[in-house]
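Have a look at data21.pdb below; it lists PDB, C-alpha atoms.
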```pdb
ATOM      1  CA  MET A  13     -33.233-122.196  -2.665
ATOM      2  CA  SER A  14     -35.124-120.059  -0.195
ATOM      3  CA  ARG A  15     -34.622-116.314   0.025
ATOM      4  CA  PRO A  16     -32.456-116.328   3.185
ATOM      5  CA  GLU A  17     -30.217-119.001   1.650
ATOM      6  CA  LEU A  18     -29.911-116.981  -1.522
ATOM      7  CA  ALA A  19     -29.031-113.898   0.509
ATOM      8  CA  GLY A  20     -26.396-115.926   2.354
ATOM      9  CA  VAL A  21     -24.785-117.124  -0.877
ATOM     10  CA  ALA A  22     -24.855-113.581  -2.276
ATOM     11  CA  MET A  23     -23.209-112.318   0.897
ATOM     12  CA  TRP A  24     -20.285-114.721   0.517
ATOM     13  CA  ILE A  25     -19.790-113.939  -3.122
ATOM     14  CA  LEU A  26     -19.834-110.207  -2.352
ATOM     15  CA  GLY A  27     -17.573-110.576   0.685
ATOM     16  CA  GLY A  28     -15.072-112.614  -1.295
ATOM     17  CA  SER A  29     -15.099-110.221  -4.223
ATOM     18  CA  SER A  30     -14.571-107.241  -1.911
ATOM     19  CA  VAL A  31     -11.355-108.854  -0.651
ATOM     20  CA  VAL A  32     -10.205-109.793  -4.167
ATOM     21  CA  ALA A  33     -10.921-106.270  -5.440
ATOM     22  CA  ALA A  34      -9.057-104.786  -2.458
ATOM     23  CA  TRP A  35      -6.060-106.949  -3.280
ATOM     24  CA  ARG A  36      -6.161-105.920  -6.932
ATOM     25  CA  VAL A  37      -5.904-102.250  -5.860
ATOM     26  CA  PHE A  38      -2.249-102.739  -5.028
ATOM     27  CA  ARG A  39      -1.520-105.252  -7.765
ATOM     28  CA  THR A  40      -2.540-103.387 -10.889
ATOM     29  CA  ASP A  41      -0.106-101.310 -12.900
ATOM     30  CA  SER A  42      -2.597 -98.605 -13.770
ATOM     31  CA  MET A  43      -3.360 -96.282 -10.898
ATOM     32  CA  VAL A  44      -6.639 -95.220 -12.465
ATOM     33  CA  ARG A  45      -7.676 -98.868 -12.472
ATOM     34  CA  ALA A  46      -6.567 -99.096  -8.851
ATOM     35  CA  ALA A  47      -9.106 -96.377  -7.985
ATOM     36  CA  TYR A  48     -11.869 -98.336  -9.698
ATOM     37  CA  TRP A  49     -10.828-101.604  -8.031
ATOM     38  CA  LEU A  50     -11.156 -99.800  -4.719
ATOM     39  CA  LEU A  51     -14.602 -98.610  -5.803
ATOM     40  CA  ALA A  52     -15.508-102.240  -6.616
ATOM     41  CA  SER A  53     -14.425-103.275  -3.127
ATOM     42  CA  PHE A  54     -16.572-100.553  -1.572
ATOM     43  CA  VAL A  55     -19.573-101.433  -3.724
ATOM     44  CA  ALA A  56     -19.299-105.092  -2.663
ATOM     45  CA  VAL A  57     -19.146-104.069   1.013
ATOM     46  CA  GLY A  58     -22.085-101.709   0.480
ATOM     47  CA  MET A  59     -24.132-104.562  -0.982
ATOM     48  CA  VAL A  60     -23.214-106.789   1.984
ATOM     49  CA  MET A  61     -24.515-103.995   4.225
ATOM     50  CA  VAL A  62     -27.772-103.935   2.271
ATOM     51  CA  LEU A  63     -28.088-107.699   2.765
ATOM     52  CA  LEU A  64     -27.421-107.165   6.476
ATOM     53  CA  GLN A  65     -30.501-104.887   6.683
ATOM     54  CA  ALA A  66     -28.419-101.680   6.868
ATOM     55  CA  ARG A  67     -29.933-100.613   3.567
ATOM     56  CA  PHE A  68     -29.523 -96.865   3.953
ATOM     57  CA  LEU A  69     -25.886 -97.087   5.034
ATOM     58  CA  GLY A  70     -25.027 -99.507   2.227
ATOM     59  CA  LEU A  71     -26.503 -97.288  -0.461
ATOM     60  CA  VAL A  72     -24.963 -94.124   1.006
ATOM     61  CA  LEU A  73     -21.584 -95.878   0.987
ATOM     62  CA  VAL A  74     -21.927 -96.781  -2.693
ATOM     63  CA  LEU A  75     -23.039 -93.250  -3.594
ATOM     64  CA  MET A  76     -20.258 -91.587  -1.615
ATOM     65  CA  MET A  77     -17.527 -93.848  -2.930
ATOM     66  CA  ALA A  78     -18.634 -93.550  -6.554
ATOM     67  CA  GLY A  79     -18.035 -89.811  -6.295
ATOM     68  CA  GLU A  80     -14.848 -90.092  -4.303
ATOM     69  CA  MET A  81     -13.220 -92.673  -6.536
ATOM     70  CA  THR A  82     -13.999 -90.607  -9.624
ATOM     71  CA  ILE A  83     -12.162 -87.698  -7.991
ATOM     72  CA  MET A  84      -9.357 -90.086  -7.064
ATOM     73  CA  ALA A  85      -9.015 -91.303 -10.647
ATOM     74  CA  ALA A  86      -8.843 -87.676 -11.797
ATOM     75  CA  PHE A  87      -6.093 -87.050  -9.224
ATOM     76  CA  MET A  88      -4.177 -90.020 -10.543
ATOM     77  CA  VAL A  89      -4.267 -88.600 -14.053
ATOM     78  CA  MET A  90      -3.327 -85.103 -12.862
ATOM     79  CA  PHE A  91      -0.487 -85.798 -10.475
ATOM     80  CA  MET A  92       0.817 -89.289 -10.317
ATOM     81  CA  MET A  93       3.880 -90.844 -11.814
ATOM     82  CA  ASN A  94       2.344 -93.772 -13.626
ATOM     83  CA  PRO A  95      -1.364 -93.100 -14.047
ATOM     84  CA  ALA A  96      -2.095 -95.396 -16.945
ATOM     85  CA  GLY A  97       0.396 -98.149 -16.178
ATOM     86  CA  LEU A  98       1.989 -97.813 -19.612
ATOM     87  CA  ASN A  99       5.440 -98.725 -18.345
ATOM     88  CA  PRO A 100       5.336-101.365 -15.610
ATOM     89  CA  MET A 101       7.341-100.168 -12.629
ATOM     90  CA  SER A 102       7.621-100.927  -8.959
ATOM     91  CA  MET A 103       5.873 -98.348  -6.850
ATOM     92  CA  VAL A 104       6.473 -99.877  -3.432
ATOM     93  CA  HIS A 105       8.958 -99.436  -0.638
ATOM     94  CA  GLN A 106       9.687-101.396   2.573
ATOM     95  CA  HIS A 107       7.847-104.295   1.001
ATOM     96  CA  THR A 108       8.694-106.973   3.557
ATOM     97  CA  THR A 109       7.737-104.815   6.539
ATOM     98  CA  ALA A 110       4.466-103.888   4.856
ATOM     99  CA  LYS A 111       3.636-107.517   4.072
ATOM    100  CA  VAL A 112       4.407-108.665   7.612
ATOM    101  CA  ALA A 113       2.376-105.805   9.123
ATOM    102  CA  GLY A 114      -0.575-106.593   6.866
ATOM    103  CA  VAL A 115      -0.515-110.312   7.664
ATOM    104  CA  VAL A 116      -0.138-109.651  11.397
ATOM    105  CA  ALA A 117      -3.038-107.178  11.353
ATOM    106  CA  PHE A 118      -5.210-109.669   9.471
ATOM    107  CA  ALA A 119      -4.263-112.625  11.674
ATOM    108  CA  GLY A 120      -4.771-110.703  14.909
ATOM    109  CA  LEU A 121      -8.138-109.241  13.956
ATOM    110  CA  ALA A 122      -9.369-112.495  12.410
ATOM    111  CA  PHE A 123      -8.367-114.390  15.550
ATOM    112  CA  VAL A 124     -10.312-111.957  17.746
ATOM    113  CA  GLY A 125     -13.297-112.130  15.382
ATOM    114  CA  VAL A 126     -13.378-115.945  15.432
ATOM    115  CA  ALA A 127     -12.415-116.508  19.062
ATOM    116  CA  ALA A 128     -14.556-113.874  20.774
ATOM    117  CA  ASP A 129     -17.942-115.002  21.978
ATOM    118  CA  PHE A 130     -20.399-112.498  20.572
ATOM    119  CA  PRO A 131     -24.035-112.798  21.681
ATOM    120  CA  ASP A 132     -26.364-114.118  19.013
ATOM    121  CA  ARG A 133     -28.906-111.306  18.729
ATOM    122  CA  PRO A 134     -29.771-110.793  15.062
ATOM    123  CA  VAL A 135     -31.645-107.730  13.909
ATOM    124  CA  ASP A 136     -35.408-108.181  13.989
ATOM    125  CA  ALA A 137     -36.662-108.874  10.461
ATOM    126  CA  ALA A 138     -39.861-106.926  11.152
ATOM    127  CA  SER A 139     -38.036-103.764  12.241
ATOM    128  CA  GLU A 140     -37.413-100.708  10.059
ATOM    129  CA  PRO A 141     -33.689 -99.982  10.424
ATOM    130  CA  THR A 142     -33.730 -96.959   8.121
ATOM    131  CA  ALA A 143     -36.607 -95.291   9.960
ATOM    132  CA  GLU A 144     -34.929 -96.072  13.288
ATOM    133  CA  LEU A 145     -31.673 -94.542  12.097
ATOM    134  CA  GLY A 146     -33.538 -91.412  11.007
ATOM    135  CA  GLU A 147     -35.232 -91.124  14.398
ATOM    136  CA  GLU A 148     -31.875 -91.601  16.083
ATOM    137  CA  LEU A 149     -30.071 -89.023  13.937
ATOM    138  CA  LEU A 150     -32.691 -86.335  14.476
ATOM    139  CA  GLY A 151     -33.655 -87.434  17.984
ATOM    140  CA  ASP A 152     -31.467 -88.663  20.804
ATOM    141  CA  SER A 153     -28.202 -88.459  18.872
ATOM    142  CA  MET A 154     -28.815 -85.168  17.143
ATOM    143  CA  LEU A 155     -25.821 -83.591  18.848
ATOM    144  CA  ILE A 156     -23.522 -86.267  17.384
ATOM    145  CA  PHE A 157     -25.079 -85.804  13.965
ATOM    146  CA  GLU A 158     -24.687 -82.022  14.153
ATOM    147  CA  THR A 159     -21.086 -82.405  15.335
ATOM    148  CA  ALA A 160     -20.348 -84.561  12.312
ATOM    149  CA  GLY A 161     -21.844 -81.870  10.098
ATOM    150  CA  VAL A 162     -19.783 -79.095  11.678
ATOM    151  CA  THR A 163     -16.687 -81.309  11.419
ATOM    152  CA  LEU A 164     -17.299 -81.660   7.697
ATOM    153  CA  LEU A 165     -17.728 -77.889   7.377
ATOM    154  CA  ALA A 166     -14.443 -77.306   9.214
ATOM    155  CA  THR A 167     -12.818 -79.884   6.923
ATOM    156  CA  MET A 168     -14.016 -78.048   3.842
ATOM    157  CA  ILE A 169     -12.636 -74.743   5.131
ATOM    158  CA  GLY A 170      -9.349 -76.399   6.093
ATOM    159  CA  ALA A 171      -9.041 -78.166   2.739
ATOM    160  CA  ILE A 172      -9.558 -74.871   0.896
ATOM    161  CA  ALA A 173      -6.984 -73.165   3.134
ATOM    162  CA  ILE A 174      -4.401 -75.899   2.470
ATOM    163  CA  ALA A 175      -5.067 -76.311  -1.237
ATOM    164  CA  GLY A 176      -5.341 -72.589  -2.037
ATOM    165  CA  LYS A 177      -2.713 -71.076  -4.263
ATOM    166  CA  ARG A 178      -0.978 -69.210  -1.446
ATOM    167  CA  GLY A 179      -1.035 -72.240   0.829
ATOM    168  CA  ARG A 180      -1.411 -72.040   4.546
ATOM    169  CA  PHE A 181       1.735 -69.939   5.113
ATOM    170  CA  GLY A 182       2.210 -68.188   1.796
ATOM    171  CA  ASN A 183       4.589 -68.925  -1.045
ATOM    172  CA  ALA A 184       7.636 -70.950   0.075
ATOM    173  CA  GLN A 185       9.876 -69.324  -2.557
ATOM    174  CA  GLU A 186       9.221 -65.809  -1.236
ATOM    175  CA  GLY A 187      10.307 -66.584   2.294
ATOM    176  CA  SER A 188       8.358 -65.592   5.328
ATOM    177  CA  ALA A 189       7.194 -62.078   5.990
ATOM    178  CA  PRO A 190       7.697 -60.856   9.556
ATOM    179  CA  PRO A 191       4.519 -59.737  11.277
ATOM    180  CA  PRO A 192       4.083 -55.967  11.337
ATOM    181  CA  VAL A 193       4.859 -54.096  14.563
ATOM    182  CA  ASP A 194       1.778 -51.972  14.192
ATOM    183  CA  PRO A 195      -1.179 -54.343  14.506
ATOM    184  CA  ASP A 196      -3.232 -52.085  12.236
ATOM    185  CA  ALA A 197      -0.688 -52.133   9.415
ATOM    186  CA  PRO A 198      -1.297 -54.512   6.516
ATOM    187  CA  ALA A 199       0.579 -57.811   6.912
ATOM    188  CA  GLY A 200       2.560 -59.787   4.366
ATOM    189  CA  PRO A 201       3.913 -58.939   0.931
ATOM    190  CA  ASP A 202       0.630 -59.111  -0.906
ATOM    191  CA  ALA A 203      -1.679 -57.699   1.718
ATOM    192  CA  ARG A 204      -3.939 -54.957   0.551
ATOM    193  CA  PRO A 205      -5.138 -52.123   2.743
ATOM    194  CA  SER A 206      -8.404 -53.240   4.214
ATOM    195  CA  PRO A 207     -11.372 -50.929   3.889
ATOM    196  CA  MET A 208     -11.397 -50.578   7.660
ATOM    197  CA  HIS A 209      -7.951 -48.960   7.902
ATOM    198  CA  GLY A 210      -6.824 -47.632   4.520
ATOM    199  CA  GLY A 211      -8.266 -45.551   1.756
ATOM    200  CA  HIS A 212     -10.018 -42.277   2.091
ATOM    201  CA  GLY A 213     -12.861 -43.475   4.223
ATOM    202  CA  GLY A 214     -14.056 -41.524   7.189
ATOM    203  CA  MET A 215     -12.483 -43.910   9.737
ATOM    204  CA  HIS A 216      -9.505 -41.742  10.718
ATOM    205  CA  HIS A 217      -9.479 -40.321  14.178
TER     206      HIS A 217
ATOM    207  CA  MET B   7     -21.020-118.621  12.073
ATOM    208  CA  GLU B   8     -21.891-116.004   9.479
ATOM    209  CA  LEU B   9     -20.772-113.275  11.856
ATOM    210  CA  GLN B  10     -17.358-114.874  12.295
ATOM    211  CA  LEU B  11     -16.842-115.179   8.560
ATOM    212  CA  LEU B  12     -17.848-111.556   8.010
ATOM    213  CA  LEU B  13     -15.387-110.482  10.681
ATOM    214  CA  VAL B  14     -12.661-112.480   8.914
ATOM    215  CA  VAL B  15     -13.539-110.695   5.658
ATOM    216  CA  SER B  16     -13.316-107.319   7.390
ATOM    217  CA  ALA B  17      -9.993-108.339   8.957
ATOM    218  CA  ALA B  18      -8.741-109.227   5.476
ATOM    219  CA  LEU B  19      -9.790-105.817   4.143
ATOM    220  CA  PHE B  20      -8.059-104.134   7.063
ATOM    221  CA  GLY B  21      -4.895-106.201   6.592
ATOM    222  CA  ILE B  22      -4.725-105.366   2.879
ATOM    223  CA  GLY B  23      -5.226-101.713   3.800
ATOM    224  CA  VAL B  24      -2.317-101.851   6.272
ATOM    225  CA  TYR B  25      -0.145-103.433   3.602
ATOM    226  CA  GLY B  26      -1.084-100.771   1.070
ATOM    227  CA  ALA B  27      -0.641 -97.808   3.399
ATOM    228  CA  LEU B  28       2.812 -99.018   4.412
ATOM    229  CA  SER B  29       4.087-100.208   1.050
ATOM    230  CA  GLN B  30       2.915 -97.556  -1.419
ATOM    231  CA  GLN B  31       5.052 -94.587  -2.375
ATOM    232  CA  THR B  32       2.422 -92.346  -3.941
ATOM    233  CA  PHE B  33       0.358 -90.246  -1.554
ATOM    234  CA  VAL B  34      -2.944 -91.062  -3.211
ATOM    235  CA  MET B  35      -2.194 -94.798  -3.094
ATOM    236  CA  ILE B  36      -1.466 -94.472   0.628
ATOM    237  CA  MET B  37      -4.869 -92.820   0.997
ATOM    238  CA  MET B  38      -6.391 -95.827  -0.745
ATOM    239  CA  GLY B  39      -4.821 -98.078   1.881
ATOM    240  CA  ILE B  40      -6.304 -95.957   4.672
ATOM    241  CA  GLU B  41      -9.714 -96.061   2.992
ATOM    242  CA  LEU B  42      -9.517 -99.849   2.809
ATOM    243  CA  MET B  43      -8.829-100.011   6.538
ATOM    244  CA  LEU B  44     -11.904 -97.873   7.204
ATOM    245  CA  ASN B  45     -13.860-100.089   4.806
ATOM    246  CA  GLY B  46     -13.000-103.135   6.906
ATOM    247  CA  ALA B  47     -13.885-101.300  10.119
ATOM    248  CA  MET B  48     -17.247-100.312   8.681
ATOM    249  CA  LEU B  49     -18.045-103.858   7.565
ATOM    250  CA  ALA B  50     -17.193-105.187  11.036
ATOM    251  CA  ALA B  51     -19.376-102.534  12.697
ATOM    252  CA  VAL B  52     -22.372-103.290  10.475
ATOM    253  CA  ALA B  53     -21.919-107.065  10.833
ATOM    254  CA  LEU B  54     -21.852-106.792  14.636
ATOM    255  CA  TRP B  55     -24.828-104.426  14.574
ATOM    256  CA  ALA B  56     -26.869-106.804  12.408
ATOM    257  CA  MET B  57     -26.007-110.114  14.061
ATOM    258  CA  SER B  58     -25.007-109.363  17.609
ATOM    259  CA  GLY B  59     -26.329-105.928  18.483
ATOM    260  CA  ALA B  60     -30.011-106.725  17.926
ATOM    261  CA  GLY B  61     -30.227-103.868  15.433
ATOM    262  CA  ALA B  62     -29.844-101.050  17.970
ATOM    263  CA  PRO B  63     -30.004 -97.709  16.102
ATOM    264  CA  LYS B  64     -26.847 -96.474  17.844
ATOM    265  CA  GLY B  65     -24.892 -99.186  16.028
ATOM    266  CA  GLN B  66     -25.789 -97.628  12.690
ATOM    267  CA  LEU B  67     -24.805 -94.251  14.093
ATOM    268  CA  LEU B  68     -21.285 -95.586  14.648
ATOM    269  CA  THR B  69     -21.079 -96.405  10.951
ATOM    270  CA  VAL B  70     -22.255 -92.888  10.076
ATOM    271  CA  ILE B  71     -19.360 -91.561  12.168
ATOM    272  CA  VAL B  72     -16.871 -93.821  10.358
ATOM    273  CA  MET B  73     -18.231 -92.478   7.061
ATOM    274  CA  THR B  74     -17.635 -88.939   8.327
ATOM    275  CA  VAL B  75     -14.066 -89.858   9.199
ATOM    276  CA  MET B  76     -13.681 -91.255   5.699
ATOM    277  CA  ALA B  77     -14.917 -88.033   4.096
ATOM    278  CA  VAL B  78     -12.622 -85.930   6.292
ATOM    279  CA  GLU B  79      -9.669 -88.161   5.453
ATOM    280  CA  ALA B  80     -10.334 -87.949   1.730
ATOM    281  CA  ALA B  81     -10.893 -84.176   1.646
ATOM    282  CA  LEU B  82      -7.842 -83.306   3.719
ATOM    283  CA  GLY B  83      -5.753 -85.931   1.946
ATOM    284  CA  PHE B  84      -6.523 -84.463  -1.473
ATOM    285  CA  ALA B  85      -5.883 -80.937  -0.137
ATOM    286  CA  LEU B  86      -2.504 -82.002   1.256
ATOM    287  CA  VAL B  87      -1.574 -83.700  -2.022
ATOM    288  CA  ILE B  88      -2.302 -80.453  -3.871
ATOM    289  CA  GLY B  89      -0.500 -78.351  -1.254
ATOM    290  CA  ILE B  90       2.639 -80.496  -1.268
ATOM    291  CA  PHE B  91       2.699 -80.664  -5.035
ATOM    292  CA  ARG B  92       2.414 -76.871  -5.283
ATOM    293  CA  THR B  93       5.275 -76.164  -2.899
ATOM    294  CA  ARG B  94       7.601 -79.107  -3.561
ATOM    295  CA  GLN B  95       6.513 -80.679  -6.862
ATOM    296  CA  ALA B  96       6.345 -83.953  -4.917
ATOM    297  CA  ASP B  97       3.881 -86.772  -5.408
ATOM    298  CA  MET B  98       5.819 -89.521  -3.625
ATOM    299  CA  THR B  99       6.918 -90.000  -0.039
ATOM    300  CA  GLU B 100      10.597 -90.354  -1.035
ATOM    301  CA  MET B 101      10.585 -86.812  -2.403
ATOM    302  CA  LEU B 102      10.070 -85.379   1.066
ATOM    303  CA  GLU B 103      13.115 -86.898   2.704
ATOM    304  CA  GLN B 104      14.737 -83.611   3.684
ATOM    305  CA  LEU B 105      13.004 -83.583   7.043
ATOM    306  CA  LYS B 106      14.716 -86.843   8.058
ATOM    307  CA  GLY B 107      16.953 -86.418  11.100
TER     308      GLY B 107
END
```
Represent the structure from my file as structure tokens, please.
Amino acid sequence: MSRPELAGVAMWILGGSSVVAAWRVFRTDSMVRAAYWLLASFVAVGMVMVLLQARFLGLVLVLMMAGEMTIMAAFMVMFMMNPAGLNPMSMVHQHTTAKVAGVVAFAGLAFVGVAADFPDRPVDAASEPTAELGEELLGDSMLIFETAGVTLLATMIGAIAIAGKRGRFGNAQEGSAPPPVDPDAPAGPDARPSPMHGGHGGMHH
Amino acid sequence: MELQLLLVVSAALFGIGVYGALSQQTFVMIMMGIELMLNGAMLAAVALWAMSGAGAPKGQLLTVIVMTVMAVEAALGFALVIGIFRTRQADMTEMLEQLKG
């Protein structure tokens, strides 16, 4: 078999296994295993991307998902009702609706994918897709790249604000604290005098 | 022909993701369904870039954006799971029914 043929066969095996692994995610009793089945699906898709010449994106996907799925497995152990699948139980609701929606989504998208007439313009084998992507990210599309970076920064700040011990709006059991009338007064039950307004500093008028 | 089959694979991933996001009760499992949908979208984008888009660099950029969306979804999803568990001791959708009209 020639190399392109071999790559084609590998692509089908990987594509098929990504679908099988995705299906196993929702069919396994253990939720930790579900996280690793999802990782398997992502790794298969990442390898298909590598075969499709998008080498950088494929490897970044594998790297990113390996980390994320490890966190996900840890979350399963920490929080979830049946992390190890020791007692088989049903963890689904509205099963019929979900099945119908999934099949309809698949059928609709697959129909569009098969029926649409896409131009046949394969990527040039002599090109350097990774170098081109780098030029694009730090050239013409730098603004998009920077926006993605700032979005991720905002996400990190937001995630810390939501997940922090006080939460976004304070402790639910304590009730809400009305805002102070004096804008300079400390707000909330656990607010401390800020160095700008309290203490014995020399800021008093 | 290869392109069509890849698009069918990505449609299958998306369909399984829709099924999972709608059928699962646990928040983290719902997140897995959403991730699978994004996985399918990414595969379709890369397949179209490689076989129909003549390898234009902007096609890869689209995939980078989908990856960003994925990271945002995961980070905020995990933060919300922690936040809800802290305030309500809930890890399943059925435990948050009080807001139903």
Discussion item. Using all atoms listed in the file, which protein or nucleic acid residues come within 7 Å of Asp97 in chain B? Drop anything in the same chain fewer than 3 positions from it, and give the result as a PyMOL selection string.
Written reply: (chain A and resi 91-92) or (chain B and resi 32-33+91)
May I have the centre and edge lengths, in Å to one decimal, of an axis-aligned box around the listed atoms of range 74-83 of chain A with 3 Å added to every side, as JSON?
```
{"center_x": -17.6, "center_y": -92.2, "center_z": -5.6, "size_x": 16.9, "size_y": 15.1, "size_z": 14.0}
```
Item to complete: Taking only C-alpha atoms into account, report as number ranges by chain which residues of chain B lie within 6 Å of chain A.
Response: B: 10, 13-14, 17-19, 21-22, 24-25, 28-31, 56-61, 63, 82, 85, 88-89
Worksheet item: Just how far from CA of Ala138 in chain A is CA of Ala51 in chain B, in Å to one decimal?
Response: 21.0 Å
Worksheet item: Leaving out Leu68 in chain B and any residue of its chain fewer than 5 positions from it, which residues lie within 9 Å of it when counting all atoms listed in the file, given as JSON, numbers by chain?
Response: {"B": [48, 51, 52, 73]}
Worksheet entry | For CA of Ala52 in chain A and CA of Glu8 in chain B, the interatomic separation in Å (one decimal) |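 So the two atoms, CA of Ala52 in chain A and CA of Glu8 in chain B, lie 22.1 Å apart.
Here CA of Val44 in chain A stands at a distance of 13.5 Å from CA of Ala78 in chain A.
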